Amino acid sequence: MTDVPYSEPALDRIERSAIIRDGIAVGVATGAYGISFGAISVAAGLTIVQTCALSLLVFTGASQFALVGVIASGGAPLSGALTGLLLGTRNTLYGLRLAPLLAWRGWRRAAAAQILIDESTAMSVNRETTEAARVGFLSTGLAVFALWNLATLGGAIAGEALGDPRTYGLDAAVGGAFLALLWPRLKDHRNQVCAVLGVVVALSLVPATPAGVPVLAAAIVALVIGTFTHSADPTEIPSRDDLPSGGERHS
Amino acid sequence: MMWAAIIFTGIGCYLLKIAGLSVPAAVLERPVVQRIADLLPVALLAALIAVQVVANGTQLAIDARLAGLLAALVALLLRAPFIVVVLVAALTAALIRLL
């Protein structure tokens with residue numbers, strides 16, 4: 001934190017610990033997602049080690065759920081990987097928004113990139129100073145990273161112990177998880193249209209194409225709507241209010 | 001194949017993250033690029049839901065998974081947290097299969 005510009009008022013101790021406390025609370029809340037990811041991933045046929053490698057290396061929830069979701073529905077791993085990458089593009093937008101605020105260079109920026117996700121963005125994007133943004137980003141990003149990976153391991157071990165995933169409805173849990181991830185974006189009318197058309201495109205291609213292709217093809221809907229409409233999306237960047245817990249208290 | 005997909009996704013997702021922090025904003029800040037990137041998760045997640053719930057390989061099938069999704073929808077309307085939504089979907093499908 002030594003390279004914070006002099007012109008900014010220093011963050012006082014109380015404010016700093018409040019931001020850190022919120023970050024840890026968000027980390028604990030997302031740990032619960034990690035358990036469901038671990039269980040769903042082994043139910044899709046990945047090993048425990050593969051499941052944990054996904055959480056460590058990919059570390060962005062929607063992309064991980066997408067990869068194992070495509071594999072669970074019988075798609076090729078490569079289709080799953082491409083779907084995961086397309087879902088990861090929103091982190092690029094978060095980075096664009098945060099780059100001037102966080103103002104990191106060199107190895108710090110390279111390290112920070114791995115924890116650039118929905119939660120760390122939401123907890124730093126509306127801060128007034130670079131120092132406050134960095135504290136929010138780091139405390140949330142590191143707490144989520146630690147708990148997400150621990151929870152993935154726990155979920156994967158539990159999922160493996162459960163045996164046949166269909167008995168416990170784990171195959172149905174995937175749809176529920178995706179709906180919960182999509183839910184905050186459905187407040188916007190254009191997003192609702194986009195979601196409905198995505199469903200129509202995917203389902204109409206299911207009988208005609210190999211598994212994995214229908215989901216990738218739905219990306220065309222986003223391309224077309226994005227090219228021919230012009231208003232901005234109010235739900236684009238996550239805010240602290242969108243997070244499951246902890247974020248609301250100080251916003 | 002699975003390991004190749006995991007490593008490919010890991011490297012790709014990292015590059016997408018660091019690109020945003022490193023690339024001059026002017027390159028990616030064109031409104032059309034932003035709109036498409038915003039809409040991609042919406043279209044893809046919606047398609048994933050549909051395929052997860054009613055596709056069986058290359059066939060469409062209505063079964064307990066759809067009941068699970070409807071239960072998840074009710075849980076979301078009642079503002080349940082993520083883990084509850086997922087559990088409700090799983091338990092509903094499991095109960096229907098028991099009947």
# chains A, B, ... in the order shown; residues from 1 in each chain; ligands from 1
>>> interface_residues(of="chain B", to="chain A", cutoff="7 Å", atoms="only C-alpha atoms", output="PyMOL selection string")
chain B and resi 1-2+5-6+9-10+12-14+16-21+25+32+35-53+55-59+65+68-69+72+81-83+85-87+89-91+93-94
>>> write_last_selection(atoms="C-alpha atoms", output="CSV table (one decimal), in the first residue's frame")
chain,number,residue,atom,x,y,z
B,1,MET,CA,-9.4,-34.5,-22.7
B,2,MET,CA,-10.8,-33.4,-19.4
B,5,ALA,CA,-10.2,-28.6,-21.0
B,6,ILE,CA,-9.5,-27.7,-17.4
B,9,THR,CA,-10.3,-22.9,-19.4
B,10,GLY,CA,-7.9,-21.9,-16.5
B,12,GLY,CA,-8.1,-18.5,-20.9
B,13,CYS,CA,-10.1,-17.2,-17.9
B,14,TYR,CA,-6.9,-15.8,-16.4
B,16,LEU,CA,-9.6,-12.6,-19.8
B,17,LYS,CA,-9.2,-11.2,-16.3
B,18,ILE,CA,-5.7,-9.7,-16.8
B,19,ALA,CA,-6.7,-8.2,-20.2
B,20,GLY,CA,-9.3,-6.0,-18.5
B,21,LEU,CA,-6.7,-4.7,-16.0
B,25,ALA,CA,-9.6,1.1,-22.0
B,32,VAL,CA,-21.1,-2.5,-28.8
B,35,ARG,CA,-23.2,-4.6,-24.6
B,36,ILE,CA,-22.3,-8.0,-26.2
B,37,ALA,CA,-20.1,-8.9,-23.2
B,38,ASP,CA,-22.9,-8.0,-20.9
B,39,LEU,CA,-25.5,-10.1,-22.8
B,40,LEU,CA,-23.3,-13.2,-23.2
B,41,PRO,CA,-23.8,-14.5,-19.6
B,42,VAL,CA,-27.5,-13.9,-19.9
B,43,ALA,CA,-27.9,-15.9,-23.1
B,44,LEU,CA,-25.5,-18.6,-22.1
B,45,LEU,CA,-26.9,-19.1,-18.6
B,46,ALA,CA,-30.5,-19.2,-20.0
B,47,ALA,CA,-29.4,-21.8,-22.6
B,48,LEU,CA,-27.6,-23.8,-19.9
B,49,ILE,CA,-30.7,-23.9,-17.8
B,50,ALA,CA,-32.8,-25.1,-20.7
B,51,VAL,CA,-30.3,-27.8,-21.7
B,52,GLN,CA,-29.7,-29.0,-18.1
B,53,VAL,CA,-33.4,-29.3,-17.4
B,55,ALA,CA,-32.4,-32.2,-22.7
B,56,ASN,CA,-31.3,-35.8,-22.5
B,57,GLY,CA,-28.4,-36.1,-24.9
B,58,THR,CA,-30.0,-35.1,-28.2
B,59,GLN,CA,-33.6,-35.6,-27.1
B,65,ARG,CA,-35.6,-32.0,-13.3
B,68,GLY,CA,-36.7,-29.1,-9.5
B,69,LEU,CA,-36.3,-25.9,-11.6
B,72,ALA,CA,-35.9,-23.2,-7.5
B,81,PRO,CA,-30.1,-17.6,-0.7
B,82,PHE,CA,-28.1,-19.5,-3.4
B,83,ILE,CA,-27.5,-22.6,-1.4
B,85,VAL,CA,-32.2,-22.5,-4.1
B,86,VAL,CA,-29.8,-25.3,-5.1
B,87,LEU,CA,-31.0,-27.6,-2.3
B,89,ALA,CA,-34.1,-27.9,-6.7
B,90,ALA,CA,-32.2,-31.1,-5.8
B,91,LEU,CA,-34.6,-32.2,-3.0
B,93,ALA,CA,-36.3,-33.8,-8.0
B,94,ALA,CA,-35.2,-36.5,-5.6
>>> select_by_dssp(residues="chain B", states="strand (DSSP E or B)", output="list in words")
Ala55, Asn56, Gln59 and Leu60 of chain B
>>> atom_distance(atom1="CA of Val28 in chain A", atom2="CA of Trp148 in chain A")
8.5 Å
>>> select_by_dssp(residues="range 31-75 of chain A", states="helix (DSSP H, G or I)", output="VMD selection string")
chain A and resid 31 to 43 48 to 57 61 to 72
>>> write_last_selection(atoms="C-alpha atoms", output="short mmCIF file (atom, residue, chain, number, x, y, z; two decimals), in the first residue's frame")
data_model
loop_
_atom_site.label_atom_id
_atom_site.label_comp_id
_atom_site.auth_asym_id
_atom_site.auth_seq_id
_atom_site.Cartn_x
_atom_site.Cartn_y
_atom_site.Cartn_z
CA GLY A 31 -18.29 -20.78 0.38
CA ALA A 32 -21.79 -22.22 0.17
CA TYR A 33 -21.69 -21.93 -3.64
CA GLY A 34 -18.39 -23.83 -3.53
CA ILE A 35 -19.97 -26.82 -1.79
CA SER A 36 -22.65 -27.06 -4.49
CA PHE A 37 -20.03 -26.66 -7.21
CA GLY A 38 -17.88 -29.48 -5.76
CA ALA A 39 -20.84 -31.84 -5.46
CA ILE A 40 -22.23 -31.03 -8.91
CA SER A 41 -18.81 -31.38 -10.53
CA VAL A 42 -18.16 -34.93 -9.27
CA ALA A 43 -21.77 -35.77 -10.15
CA ILE A 48 -12.08 -34.76 -6.94
CA VAL A 49 -8.64 -33.59 -8.13
CA GLN A 50 -10.06 -32.25 -11.40
CA THR A 51 -12.83 -30.47 -9.50
CA CYS A 52 -10.34 -28.80 -7.14
CA ALA A 53 -8.05 -27.88 -10.06
CA LEU A 54 -10.99 -26.08 -11.69
CA SER A 55 -11.64 -23.97 -8.60
CA LEU A 56 -7.94 -23.12 -8.20
CA LEU A 57 -7.15 -22.39 -11.85
CA GLY A 61 -18.00 -19.51 -10.57
CA ALA A 62 -20.24 -19.22 -13.62
CA SER A 63 -17.51 -20.48 -15.97
CA GLN A 64 -16.83 -23.47 -13.72
CA PHE A 65 -20.53 -24.34 -13.41
CA ALA A 66 -20.84 -24.00 -17.20
CA LEU A 67 -17.93 -26.34 -17.91
CA VAL A 68 -19.23 -29.10 -15.67
CA GLY A 69 -22.84 -28.41 -16.76
CA VAL A 70 -22.00 -29.02 -20.42
CA ILE A 71 -20.11 -32.19 -19.49
CA ALA A 72 -23.03 -33.37 -17.31
#
>>> atom_distance(atom1="CA of Ala122 in chain A", atom2="CA of Gly23 in chain A")
10.2 Å
>>> atom_distance(atom1="CA of Val26 in chain A", atom2="CA of Ser124 in chain A")
12.5 Å
>>> residues_around(residues="Val54 in chain B", least_positions_apart="6", cutoff="8 Å", atoms="only C-alpha atoms", output="list in words")
Leu60, Ala61, Ile62, Asp63, Arg65 and Leu66 of chain B
